[in-house]
Amino acid sequence: MNPDARRFRKRNLFLLAYLVFALLPIYWMVNMSFKTNGEILSSFSFFPAEFTWENYRRIFTDESWYSGYINSLIYVLINTVISLSVALPAAYAFSRYTFLGDKHVFFWLLTNRMTPPAVFLLPFFQLYATVGLMDTHIGVALAHLVFNVPLAVWILEGFMSAIPREIDETAYIDGYSFPRFFLTIFLPLIKAGVGVAAFFCFMFSWVELLLARTLTSVNAKPIVATMTRTVSASGMDWATLAAAGVLTIVPGAIVIWFVRHYIAKGFAMGRV
């Protein structure tokens, strides 16, 4: 066997091993979601002995479960829209203008993203209890802005800096106003960056637990908080928890499918 063929074979074996390692937990969760709790606790099997849809039926018929998905989608979408609306003009300013302390402000934004959510938990709790934002969708969405806006600004600034400034100048010479130029010319040029930023904002809000659980109780309780409350007098409801986990993966997988090309471009530009 020649060296190139041997190297190709080793690479394929490595990729296969990686795929098995990465997909095995997901397969095992799907496998558990079609079992009963009794079968999960009593036996070890790669396929359900008694295939059942009962776990999914419970989630789609029990309001305490399906309302969690609805609540999560509401505040995640609100947060993503607000984050991009705030980050787009901010990133444009950082990429096109030089002002006093610009690098320090940019670094300060990134330090907010690096800060653990627990640091902001008590201030948000006291503020929301005072102004009446506890247990609301907009409350959770606004809390997540602290982390998503800096990340979106950082990603978008990289994409915008790659666009030549001559495009801006040419548009102004042609008589374009700034809003018209930004919406019709500049924004389509950075649509890959917008897709990448939207993806990361969506994923952070979708999986974040600490703020979402503490700032909600009933009306806006997300699915991640509901999944932590599956313990009853009879023990942990593993089967329902597995089914909820499978359904939690679905929105993220759909988003990844639509922005996969943009994410690859973000890796190529060094901003992801």
# chains A, B, ... in the order shown; residues from 1 in each chain; ligands from 1
>>> closest_atom_pairs(of="region 217-253 of chain A", to="region 135-155 of chain A", cutoff="9 Å", atoms="only C-alpha atoms", output="tab-separated table")
residue	atom	partner	partner_atom	distance
A:Ser217	CA	A:Asp135	CA	5.7
A:Val218	CA	A:Asp135	CA	6.8
A:Asn219	CA	A:Asp135	CA	6.0
A:Ala220	CA	A:Asp135	CA	5.4
A:Lys221	CA	A:Asp135	CA	7.2
>>> write_last_selection(atoms="N, CA, C and O atoms", output="PDB file, in the first residue's frame")
ATOM      1  N   SER A 217     -40.750  31.683  36.700  1.00  0.00           N
ATOM      2  CA  SER A 217     -41.358  30.726  37.634  1.00  0.00           C
ATOM      3  C   SER A 217     -42.465  29.904  36.972  1.00  0.00           C
ATOM      4  O   SER A 217     -42.436  28.680  37.000  1.00  0.00           O
ATOM      5  N   VAL A 218     -43.422  30.585  36.337  1.00  0.00           N
ATOM      6  CA  VAL A 218     -44.550  29.859  35.740  1.00  0.00           C
ATOM      7  C   VAL A 218     -44.806  30.317  34.304  1.00  0.00           C
ATOM      8  O   VAL A 218     -44.732  29.525  33.359  1.00  0.00           O
ATOM      9  N   ASN A 219     -45.088  31.591  34.115  1.00  0.00           N
ATOM     10  CA  ASN A 219     -45.556  32.098  32.823  1.00  0.00           C
ATOM     11  C   ASN A 219     -44.498  32.043  31.730  1.00  0.00           C
ATOM     12  O   ASN A 219     -44.840  31.940  30.547  1.00  0.00           O
ATOM     13  N   ALA A 220     -43.228  32.162  32.088  1.00  0.00           N
ATOM     14  CA  ALA A 220     -42.162  32.174  31.078  1.00  0.00           C
ATOM     15  C   ALA A 220     -41.121  31.111  31.339  1.00  0.00           C
ATOM     16  O   ALA A 220     -40.005  31.198  30.831  1.00  0.00           O
ATOM     17  N   LYS A 221     -41.457  30.088  32.105  1.00  0.00           N
ATOM     18  CA  LYS A 221     -40.491  29.050  32.453  1.00  0.00           C
ATOM     19  C   LYS A 221     -40.036  28.305  31.206  1.00  0.00           C
ATOM     20  O   LYS A 221     -40.854  27.756  30.467  1.00  0.00           O
TER      21      LYS A 221
END
>>> residues_around(residues="region 199-201 of chain A", least_positions_apart="2", cutoff="8 Å", atoms="only C-alpha atoms", output="number ranges by chain")
A: 79-80, 83, 148, 151-152, 195-197, 203-205, 255-256, 259
>>> select_by_dssp(residues="region 30-237 of chain A", states="strand (DSSP E or B)", output="ChimeraX atom specification")
/A:231-232,235-236
>>> write_last_selection(atoms="N, CA and C atoms", output="short mmCIF file (atom, residue, chain, number, x, y, z; two decimals), in the first residue's frame")
data_model
loop_
_atom_site.label_atom_id
_atom_site.label_comp_id
_atom_site.auth_asym_id
_atom_site.auth_seq_id
_atom_site.Cartn_x
_atom_site.Cartn_y
_atom_site.Cartn_z
N VAL A 231 -37.85 15.02 38.82
CA VAL A 231 -37.74 14.10 39.95
C VAL A 231 -39.07 14.08 40.70
N SER A 232 -39.56 12.87 40.96
CA SER A 232 -40.80 12.70 41.71
C SER A 232 -40.56 11.73 42.85
N GLY A 235 -38.90 8.61 41.78
CA GLY A 235 -37.54 8.71 41.23
C GLY A 235 -37.49 9.57 39.98
N MET A 236 -36.37 9.48 39.30
CA MET A 236 -36.17 10.28 38.09
C MET A 236 -36.92 9.69 36.91
#
>>> closest_residue(among="A:Phe125, A:Trp206, A:Tyr27, A:Tyr172", to="Val76 (chain A)", atoms="only C-alpha atoms")
A:Trp206
>>> residues_around(residues="region 181-189 of chain A", least_positions_apart="3", cutoff="8 Å", atoms="only C-alpha atoms", output="JSON, numbers by chain")
{"A": [163, 168, 171, 172, 176, 177, 178, 192]}
